[in-house]
$ cat model_28.cif   # mmCIF, C-alpha atoms
data_upload
loop_
_atom_site.label_atom_id
_atom_site.label_comp_id
_atom_site.auth_asym_id
_atom_site.auth_seq_id
_atom_site.Cartn_x
_atom_site.Cartn_y
_atom_site.Cartn_z
CA MET V 163 82.82 88.10 99.08
CA THR V 164 85.39 90.87 99.41
CA ILE V 165 88.63 90.29 101.29
CA SER V 166 91.00 93.19 101.83
CA VAL V 167 94.68 92.68 102.53
CA ALA V 168 96.08 95.44 104.70
CA SER V 169 98.85 96.09 107.20
CA GLY V 170 99.93 98.94 109.34
CA LYS V 171 103.56 98.78 108.34
CA GLY V 172 104.63 98.94 104.71
CA GLY V 173 106.73 96.21 103.13
CA THR V 174 105.33 93.39 105.24
CA GLY V 175 103.97 91.34 102.33
CA LYS V 176 100.47 92.60 101.50
CA THR V 177 101.02 92.18 97.78
CA THR V 178 102.66 88.77 98.26
CA VAL V 179 99.55 87.60 100.12
CA ALA V 180 96.98 89.32 97.86
CA VAL V 181 98.53 87.98 94.66
CA GLY V 182 99.22 84.57 96.21
CA LEU V 183 95.59 84.25 97.29
CA ALA V 184 94.29 85.45 93.91
CA LEU V 185 96.39 82.92 91.99
CA SER V 186 95.52 80.02 94.30
CA LEU V 187 91.75 79.96 94.18
CA GLU V 188 89.99 77.59 91.81
CA GLN V 189 87.36 80.09 90.73
CA GLN V 190 87.83 83.29 88.76
CA VAL V 191 88.78 86.17 91.09
CA GLN V 192 88.94 89.92 90.81
CA LEU V 193 92.06 91.57 92.24
CA LEU V 194 91.77 95.29 92.99
CA ASP V 195 95.12 96.95 93.70
CA CYS V 196 94.07 99.97 95.75
CA ASP V 197 97.60 100.98 96.70
CA VAL V 198 97.23 103.71 94.07
CA GLU V 199 100.31 105.65 95.13
CA GLU V 200 102.46 102.64 94.35
CA PRO V 201 100.47 99.87 92.70
CA ASN V 202 102.58 96.75 92.24
CA SER V 203 100.31 93.68 92.10
CA HIS V 204 100.57 93.75 88.31
CA LEU V 205 104.31 93.08 88.52
CA PHE V 206 103.73 89.56 89.85
CA LEU V 207 101.18 88.34 87.33
CA GLN V 208 103.37 87.99 84.21
CA LEU V 209 101.03 90.30 82.33
CA ASP V 210 101.33 90.88 78.67
CA PRO V 211 101.95 94.67 78.62
CA GLU V 212 99.85 94.89 75.45
CA SER V 213 96.83 93.48 77.25
CA ARG V 214 96.67 96.39 79.66
CA SER V 215 94.10 99.06 79.02
CA SER V 216 93.88 102.31 80.90
CA GLU V 217 91.67 105.34 81.10
CA ASP V 218 92.03 108.72 82.79
CA PHE V 219 90.44 109.13 86.18
CA SER V 220 89.28 112.62 87.10
CA ILE V 221 87.76 114.47 89.99
CA LEU V 222 85.37 117.37 89.45
CA VAL V 223 86.67 120.82 90.35
CA PRO V 224 84.71 124.09 90.41
CA ARG V 225 84.56 126.65 87.63
CA ILE V 226 83.14 130.07 88.46
CA ASP V 227 80.89 132.00 86.11
CA GLU V 228 82.16 135.52 86.82
CA ASP V 229 78.99 137.09 85.42
CA LYS V 230 76.87 135.32 88.00
CA CYS V 231 79.33 135.38 90.95
CA THR V 232 78.67 138.12 93.50
CA ALA V 233 81.81 137.29 95.55
CA CYS V 234 79.57 136.57 98.55
CA GLY V 235 82.21 134.19 99.92
CA LEU V 236 79.91 131.28 100.89
CA CYS V 237 81.91 128.88 98.73
CA SER V 238 85.28 129.84 100.18
CA SER V 239 84.06 129.71 103.77
CA PHE V 240 82.56 126.27 103.08
CA CYS V 241 85.81 124.87 101.65
CA GLU V 242 87.94 123.22 104.34
CA TYR V 243 90.89 122.93 101.99
CA GLY V 244 91.39 126.57 100.98
CA ALA V 245 90.69 125.74 97.35
CA LEU V 246 88.61 128.90 96.89
CA ALA V 247 89.77 132.40 97.81
CA ARG V 248 87.20 135.17 97.92
CA LEU V 249 88.66 138.54 97.11
CA LYS V 250 86.81 141.85 96.82
CA ASP V 251 85.17 141.25 93.48
CA LYS V 252 86.08 137.72 92.48
CA VAL V 253 86.78 134.17 93.60
CA LEU V 254 90.05 132.38 92.80
CA VAL V 255 90.04 128.61 92.35
CA PHE V 256 93.03 126.42 93.25
CA ASP V 257 92.51 123.16 91.40
CA ASN V 258 95.45 121.50 93.15
CA LEU V 259 93.89 122.06 96.59
CA CYS V 260 90.37 120.91 95.65
CA HIS V 261 89.26 117.53 96.99
CA GLY V 262 86.36 117.39 94.53
CA CYS V 263 83.58 117.18 97.14
CA GLY V 264 81.21 119.44 95.18
CA GLY V 265 80.10 121.34 98.30
CA CYS V 266 80.87 124.78 96.85
CA LYS V 267 78.48 124.15 94.00
CA ILE V 268 75.74 123.21 96.45
CA VAL V 269 76.18 126.26 98.71
CA CYS V 270 76.46 128.82 95.89
CA PRO V 271 73.20 130.83 95.99
CA GLU V 272 73.78 132.28 92.51
CA GLY V 273 74.23 129.03 90.60
CA ALA V 274 77.57 130.46 89.50
CA ILE V 275 79.56 127.24 89.97
CA THR V 276 79.81 124.47 87.43
CA GLU V 277 82.26 121.56 87.55
CA ALA V 278 85.03 120.49 85.22
CA PRO V 279 87.00 117.24 85.29
CA ARG V 280 90.63 117.31 86.40
CA PRO V 281 92.58 114.07 85.77
CA ILE V 282 94.44 112.84 88.87
CA GLY V 283 95.39 109.35 87.78
CA LYS V 284 94.57 106.33 85.70
CA LEU V 285 92.36 103.28 86.03
CA VAL V 286 94.16 100.30 84.57
CA SER V 287 92.75 96.88 83.83
CA ALA V 288 94.35 93.64 82.68
CA ALA V 289 93.71 89.93 82.96
CA VAL V 290 95.60 86.66 83.27
CA PRO V 291 93.93 83.24 83.42
CA GLY V 292 91.94 83.14 86.65
CA VAL V 293 92.52 86.74 87.68
CA ASP V 294 90.91 89.97 86.52
CA LEU V 295 93.17 92.76 87.73
CA LEU V 296 92.17 96.37 88.15
CA TYR V 297 94.32 99.05 89.68
CA GLY V 298 94.56 102.77 90.16
CA ASP V 299 97.71 104.68 89.36
CA LEU V 300 97.82 108.15 90.90
CA ASN V 301 99.68 110.76 88.86
CA SER V 302 103.01 111.89 90.31
CA GLY V 303 102.63 114.80 92.70
CA GLU V 304 98.94 114.16 93.35
CA VAL V 305 97.85 113.54 96.93
CA LEU V 306 94.20 112.57 96.51
CA ALA V 307 94.42 108.80 96.80
CA PRO V 308 90.93 108.21 98.27
CA PRO V 309 88.87 109.36 95.23
CA LEU V 310 90.93 107.11 92.95
CA ILE V 311 90.63 104.20 95.40
CA ARG V 312 86.85 104.68 95.36
CA GLY V 313 87.07 104.73 91.56
CA VAL V 314 88.82 101.35 91.57
CA LYS V 315 86.34 99.91 94.07
CA ARG V 316 83.36 101.06 91.99
CA GLN V 317 84.49 98.48 89.43
CA SER V 318 84.12 95.68 91.98
CA ILE V 319 81.85 92.87 90.90
CA ALA V 320 81.46 91.44 94.41
CA ALA V 321 78.05 90.25 95.44
CA PRO V 322 77.15 92.17 98.59
CA ASP V 323 76.99 90.59 102.03
CA GLY V 324 79.12 87.63 102.74
CA PRO V 325 80.33 84.47 101.04
CA GLY V 326 79.45 83.39 97.53
CA GLY V 327 79.97 84.95 94.14
CA THR V 328 83.27 85.96 92.64
CA PRO V 329 85.95 86.50 95.29
CA VAL V 330 87.21 90.08 95.21
CA ILE V 331 90.63 90.65 96.75
CA ILE V 332 91.70 94.18 97.63
CA ASP V 333 95.39 95.02 97.98
CA SER V 334 95.24 97.97 100.40
CA PRO V 335 97.75 100.79 100.83
CA PRO V 336 99.87 100.58 103.99
CA GLY V 337 99.24 102.73 107.03
CA THR V 338 96.05 103.49 108.88
CA THR V 339 95.00 106.81 107.34
CA CYS V 340 92.29 107.76 104.82
CA PRO V 341 93.64 105.70 101.87
CA MET V 342 93.77 102.50 103.95
CA VAL V 343 90.33 103.10 105.46
CA THR V 344 88.88 103.86 102.01
CA ALA V 345 90.40 100.64 100.62
CA VAL V 346 89.28 98.24 103.36
CA LYS V 347 85.85 99.76 104.10
CA ASP V 348 82.88 97.51 103.26
CA SER V 349 85.04 94.39 102.89
CA ASP V 350 83.63 91.22 104.43
CA PHE V 351 86.99 90.37 105.96
CA SER V 352 90.44 91.88 106.34
CA ILE V 353 93.76 90.07 106.38
CA LEU V 354 96.47 92.00 108.22
CA VAL V 355 99.98 91.09 107.13
CA THR V 356 102.68 91.73 109.69
CA GLU V 357 106.11 90.65 110.84
CA ASN V 358 107.72 89.77 114.17
CA THR V 359 109.42 93.09 114.79
CA PRO V 360 108.62 95.89 117.27
CA PHE V 361 107.69 98.12 114.33
CA GLY V 362 105.51 95.39 112.84
CA LEU V 363 103.65 94.89 116.12
CA HIS V 364 103.25 98.61 116.75
CA ASP V 365 101.64 99.19 113.36
CA LEU V 366 99.60 95.99 113.61
CA GLU V 367 98.08 97.31 116.84
CA LEU V 368 97.05 100.52 115.06
CA ALA V 369 95.58 98.61 112.12
CA VAL V 370 93.63 96.30 114.47
CA GLN V 371 92.21 99.39 116.16
CA VAL V 372 91.03 100.80 112.81
CA LEU V 373 89.42 97.50 111.77
CA SER V 374 87.76 97.15 115.17
CA ASP V 375 86.24 100.61 114.76
CA LEU V 376 84.94 99.46 111.37
CA ASN V 377 83.51 96.27 112.98
CA MET V 378 85.49 94.26 110.46
CA PRO V 379 86.25 90.57 111.03
CA MET V 380 89.98 90.07 110.67
CA GLY V 381 92.85 87.62 110.72
CA VAL V 382 96.61 87.95 110.70
CA VAL V 383 99.29 86.58 108.38
CA ILE V 384 102.77 86.66 109.85
CA ASN V 385 105.45 87.01 107.23
CA ARG V 386 109.05 85.91 107.91
CA ALA V 387 107.43 84.20 110.87
CA ASP V 388 110.42 82.10 111.89
CA ILE V 389 112.61 85.07 112.78
CA GLY V 390 112.18 87.90 115.25
CA ARG V 391 110.19 88.06 118.44
CA SER V 392 107.10 86.29 119.71
CA ASP V 393 105.02 89.26 120.81
CA VAL V 394 102.94 89.42 117.59
CA GLU V 395 101.67 85.90 118.36
CA GLU V 396 101.03 86.89 121.97
CA PHE V 397 99.14 90.00 120.87
CA CYS V 398 96.93 88.00 118.47
CA CYS V 399 96.25 85.43 121.18
CA LYS V 400 95.28 88.12 123.69
CA LYS V 401 93.03 89.91 121.16
CA GLU V 402 91.58 86.59 119.92
CA ILE V 403 92.56 87.34 116.35
CA PRO V 404 93.21 84.17 114.33
CA VAL V 405 96.67 83.75 112.85
CA LEU V 406 95.72 82.49 109.38
CA MET V 407 99.15 81.75 107.99
CA ARG V 408 102.82 81.88 108.86
CA ILE V 409 105.12 82.48 105.91
CA PRO V 410 108.73 81.46 106.54
CA TYR V 411 111.74 83.65 105.94
CA SER V 412 112.85 82.07 102.74
CA ARG V 413 115.55 83.02 100.29
CA LYS V 414 113.65 81.24 97.55
CA ILE V 415 110.48 83.32 98.03
CA ALA V 416 112.62 86.48 98.05
CA GLU V 417 114.40 85.47 94.84
CA PHE V 418 111.12 84.79 93.07
CA TYR V 419 109.73 88.08 94.37
CA ALA V 420 112.76 89.95 93.04
CA ARG V 421 112.13 88.42 89.61
CA GLY V 422 108.47 89.43 89.67
CA GLU V 423 107.16 85.96 90.37
CA SER V 424 104.53 85.04 92.92
CA ILE V 425 104.89 83.07 96.12
CA VAL V 426 102.88 80.20 94.61
CA ALA V 427 105.42 79.99 91.79
CA ALA V 428 108.20 79.80 94.38
CA ASP V 429 106.46 77.10 96.36
CA PRO V 430 103.36 75.43 94.86
CA ASP V 431 102.34 74.14 98.30
CA PHE V 432 101.19 77.69 99.02
CA ARG V 433 98.33 77.14 96.60
CA ARG V 434 96.86 74.60 99.01
CA ARG V 435 97.64 76.79 102.02
CA PHE V 436 95.93 79.82 100.47
CA GLN V 437 92.91 77.68 99.53
CA GLU V 438 92.67 76.49 103.13
CA MET V 439 93.00 80.04 104.36
CA TYR V 440 90.18 81.10 102.03
CA SER V 441 87.90 78.33 103.33
CA ARG V 442 88.66 79.38 106.88
CA ILE V 443 87.83 83.01 106.04
CA GLU V 444 84.58 81.89 104.37
CA SER V 445 83.48 80.11 107.51
CA ILE V 446 84.44 83.06 109.74
CA VAL V 447 82.44 85.42 107.50
CA ALA V 448 79.47 83.04 107.43
CA GLU V 449 79.63 82.79 111.23
CA GLU V 450 79.74 86.61 111.55
CA GLY V 451 76.75 86.81 109.18
CA ARG V 452 74.74 84.49 111.42
CA LYS V 453 75.65 86.57 114.49
CA SER V 454 74.51 89.88 113.05
CA MET Y 194 98.63 151.81 104.84
CA LYS Y 195 98.17 148.71 106.95
CA ILE Y 196 100.95 146.13 106.74
CA CYS Y 197 101.05 142.65 108.21
CA ILE Y 198 104.17 141.09 109.70
CA THR Y 199 104.10 137.37 110.48
CA SER Y 200 105.17 136.99 114.09
CA GLN Y 201 106.19 134.17 116.40
CA GLY Y 202 104.86 135.99 119.47
CA GLU Y 203 102.45 138.64 120.64
CA ASP Y 204 104.66 141.69 121.03
CA ARG Y 205 106.96 143.76 118.88
CA ALA Y 206 110.07 142.17 120.46
CA SER Y 207 108.96 138.77 119.09
CA ASN Y 208 110.78 137.33 116.12
CA VAL Y 209 109.33 137.39 112.65
CA ASP Y 210 107.76 134.01 111.85
CA PRO Y 211 109.45 132.74 108.67
CA ARG Y 212 106.28 130.90 107.64
CA PHE Y 213 103.50 132.87 106.04
CA GLY Y 214 100.36 130.69 106.04
CA ARG Y 215 101.10 128.84 109.27
CA CYS Y 216 102.70 131.71 111.21
CA ALA Y 217 101.79 131.80 114.90
CA HIS Y 218 100.56 135.39 115.04
CA PHE Y 219 99.77 138.30 112.79
CA CYS Y 220 101.08 141.74 113.63
CA PHE Y 221 99.14 144.52 111.92
CA TYR Y 222 101.06 147.76 111.75
CA ASP Y 223 99.51 151.02 110.67
CA THR Y 224 102.09 153.18 108.90
CA GLU Y 225 100.08 156.35 109.56
CA SER Y 226 99.38 155.97 113.27
CA GLY Y 227 102.43 153.81 114.09
CA GLU Y 228 100.10 151.46 115.97
CA TYR Y 229 100.84 147.74 116.42
CA ARG Y 230 98.08 145.16 116.84
CA PHE Y 231 98.69 141.43 117.38
CA GLU Y 232 96.32 138.53 116.95
CA PRO Y 233 96.75 134.75 116.78
CA ASN Y 234 96.59 133.10 113.36
CA GLU Y 235 93.48 130.97 113.48
CA PHE Y 236 94.35 129.27 110.20
CA ALA Y 237 97.72 127.99 111.46
CA ALA Y 238 96.54 124.45 112.22
CA GLY Y 239 94.26 124.04 109.18
CA VAL Y 240 94.27 120.83 107.17
CA GLY Y 241 95.38 122.38 103.90
CA GLY Y 242 95.24 125.42 101.68
CA VAL Y 243 96.35 127.47 104.66
CA GLY Y 244 98.35 129.92 102.54
CA VAL Y 245 95.22 130.68 100.53
CA GLN Y 246 93.05 131.12 103.62
CA THR Y 247 95.59 133.38 105.32
CA SER Y 248 95.93 135.44 102.14
CA GLN Y 249 92.19 135.84 101.86
CA TYR Y 250 92.18 137.08 105.45
CA MET Y 251 94.88 139.63 104.55
CA ALA Y 252 92.59 140.91 101.80
CA GLU Y 253 89.63 141.10 104.21
CA GLN Y 254 91.80 143.08 106.64
CA GLU Y 255 92.67 145.46 103.77
CA VAL Y 256 96.37 144.92 104.23
CA GLY Y 257 98.54 146.66 101.62
CA ALA Y 258 101.77 144.74 102.17
CA VAL Y 259 102.98 141.56 103.88
CA LEU Y 260 106.37 141.18 105.56
CA THR Y 261 107.33 137.55 106.08
CA GLY Y 262 110.02 134.91 105.63
CA GLN Y 263 108.86 132.77 102.73
CA VAL Y 264 105.67 132.65 100.72
CA GLY Y 265 104.40 129.73 98.65
CA PRO Y 266 102.79 129.70 95.20
CA ASN Y 267 99.14 129.50 96.28
CA ALA Y 268 99.54 132.27 98.84
CA PHE Y 269 101.44 134.46 96.41
CA LYS Y 270 98.83 134.05 93.70
CA THR Y 271 96.07 135.06 96.12
CA LEU Y 272 97.95 138.01 97.60
CA ASN Y 273 98.93 139.19 94.15
CA ALA Y 274 95.35 138.97 92.87
CA ALA Y 275 94.26 141.00 95.88
CA GLY Y 276 96.86 143.66 95.05
CA ILE Y 277 98.86 143.02 98.23
CA GLU Y 278 102.63 143.47 97.96
CA VAL Y 279 104.83 140.72 99.39
CA TYR Y 280 108.19 141.45 101.05
CA PRO Y 281 109.98 138.17 101.86
CA ASN Y 282 113.16 137.28 103.77
CA ALA Y 283 112.21 139.31 106.82
CA GLU Y 284 113.99 138.25 110.02
CA GLY Y 285 114.86 139.50 113.48
CA THR Y 286 112.26 141.16 115.65
CA VAL Y 287 108.93 142.40 114.39
CA GLU Y 288 109.91 145.95 115.35
CA SER Y 289 113.22 145.83 113.48
CA ALA Y 290 111.41 144.40 110.43
CA VAL Y 291 108.97 147.31 110.55
CA GLN Y 292 111.80 149.82 110.85
CA GLY Y 293 113.61 148.16 107.97
CA PHE Y 294 110.47 148.28 105.86
CA LEU Y 295 109.89 151.97 106.63
CA ALA Y 296 113.53 152.66 105.72
CA GLY Y 297 112.96 150.95 102.37
CA LYS Y 298 115.36 148.09 103.05
CA PHE Y 299 113.05 145.35 101.79
CA GLU Y 300 112.55 144.33 98.22
CA LYS Y 301 109.18 143.09 97.13
CA THR Y 302 108.96 139.78 95.34
CA SER Y 303 107.26 139.17 92.03
CA GLY Y 304 106.71 135.47 92.70
CA ALA Y 305 106.61 132.71 95.28
CA THR Y 306 109.84 132.22 97.23
CA GLY Y 307 109.32 128.56 98.00
CA PRO Y 308 107.23 125.51 97.13
CA ALA Y 309 103.77 124.72 98.52
CA ARG Y 310 104.39 123.01 101.86
CA HIS Y 311 101.23 121.08 102.32
CA ALA Y 312 98.46 120.48 99.87
#
$ encode --input "model_28.cif" --output "structure tokens"
Amino acid sequence: MTISVASGKGGTGKTTVAVGLALSLEQQVQLLDCDVEEPNSHLFLQLDPESRSSEDFSILVPRIDEDKCTACGLCSSFCEYGALARLKDKVLVFDNLCHGCGGCKIVCPEGAITEAPRPIGKLVSAAVPGVDLLYGDLNSGEVLAPPLIRGVKRQSIAAPDGPGGTPVIIDSPPGTTCPMVTAVKDSDFSILVTENTPFGLHDLELAVQVLSDLNMPMGVVINRADIGRSDVEEFCCKKEIPVLMRIPYSRKIAEFYARGESIVAADPDFRRRFQEMYSRIESIVAEEGRKS
Amino acid sequence: MKICITSQGEDRASNVDPRFGRCAHFCFYDTESGEYRFEPNEFAAGVGGVGVQTSQYMAEQEVGAVLTGQVGPNAFKTLNAAGIEVYPNAEGTVESAVQGFLAGKFEKTSGATGPARHA
């Protein structure tokens, strides 16, 4: 079963929840940190830096065989991203604009386009007892998070369709744009982490809309739940979205976080609470499976 | 020679648009006939690589020189490869920019004048 942990707003506690859940379950879990622009799950696992292994991740960009190219312009008119410029007698390629879709190669009638890898980031893996971690780390200045997120997700060992097998937990990027959608897509369940602030509610509403469009079962975790307003609870009640957990505003959790230690280290009772949350998610997913 | 001035509006009293790729309008000026022609920039709202697409269009229109505010690295590379001269830092009205160009008051650039704005 795959559970993604997302949020609209950044800094609400996605990583706290994803890592907390991963460390709490009895069985071996796989944790995929898909927040490739700023991966941070690894900071809370007390990893031995030596145990990390990483490999380059590349997208394929076009290379033009000038002997075969007739400068017909089909490739450049196909490209939505302006990565190919057709001039009178040649085609220029802008690697930094290419999204690596491969369409130009398909439309070229002369077979003049081949593809070459261009590294955009790294795939990093590491393990601690109970948790196999894998994350993407996008190179500075790169904007193409979705291909790297797909690269991380291709390493998933989740059994398809519903409960059972190794739990796979995805730490999603914040927001509601392509990286978030790429990260949460095809999960069995999404946890949305939010907070009781107007900003938290506003972005939660957007994230709920995205997940609804994806027909994704979801639940909410409210972080710093004992401060702020009550309208997040009211919203969840109205939308019939279960509130799975309320994490208190606690100096102790914040201190542990600042030291790179997990929420279950700060308060071992969270282990039980995360296990209960997981059981609840399992039954929701099983129920959804029966419905469909 | 045909030159292109990036314009905020559709007549010669409009101000020069300081953006190249995402300028609102193109003004094509023919230095032989003295004729002005305006058209909207259909690439202005593109998702990315707009400087490249606009530059390619300049080449298709057989423009010899571009008068604009700033030009980024991708646009400059394309214009340069197409043999189109780039005159940056144009301001004021389109007409005054044209007059300034004809009087030789502009200096062409040999590189981009600013960073890429949007991948």
$ atom_distance --input "model_28.cif" --atom1 "atom CA of Asp195 of chain V" --atom2 "atom CA of Gln437 of chain V"
20.3 Å
$ resolve_selection --input "model_28.cif" --expression "the PyMOL selection byres ((chain Y) within 12 of (chain V))" --output "NGL selection string"
:Y and (214 or 236 or 238-255 or 266-277 or 309-312)
$ closest_residue --input "model_28.cif" --among "Y:Gln263, Y:Lys301, Y:Cys197, Y:Glu278" --to "Tyr229 of chain Y" --atoms "all atoms listed in the file"
Y:Cys197
$ resolve_selection --input "model_28.cif" --expression "the PyMOL selection byres ((chain Y and resi 222) around 9)" --output "ChimeraX atom specification"
/Y:194-198,220-221,223-231,291
$ atom_distance --input "model_28.cif" --atom1 "atom CA of Gln189 of chain V" --atom2 "atom CA of Phe436 of chain V"
13.0 Å
$ residues_around --input "model_28.cif" --residues "Arg408 of chain V" --least-positions-apart "2" --cutoff "7 Å" --atoms "only C-alpha atoms" --output "compact mmCIF listing (two decimals) with C-alpha atoms, in the coordinates of the input"
# COMPACT_ATOMS: atom_id res chain seq x y z
CA VAL V 383 99.29 86.58 108.38
CA ILE V 384 102.77 86.66 109.85
CA ASN V 385 105.45 87.01 107.23
CA ALA V 387 107.43 84.20 110.87
CA PRO V 410 108.73 81.46 106.54
$ atom_distance --input "model_28.cif" --atom1 "atom CA of Gly422 of chain V" --atom2 "atom CA of Leu209 of chain V"
10.5 Å
$ resolve_selection --input "model_28.cif" --expression "the PyMOL selection byres ((chain Y and resi 287) around 7)" --output "ChimeraX atom specification"
/Y:198,200,205-209,285-286,288-291
$ residues_around --input "model_28.cif" --residues "Leu285 of chain V" --least-positions-apart "4" --cutoff "9 Å" --atoms "only C-alpha atoms" --output "PyMOL selection string"
chain V and resi 215-219+296-300+310+313-314
$ residues_near_point --input "model_28.cif" --point "(89.3, 97.0, 92.1)" --cutoff "12 Å" --atoms "only C-alpha atoms" --output "PyMOL selection string"
chain V and resi 164-166+191-198+201+203+285-288+293-299+310-320+329-334+345-346+349
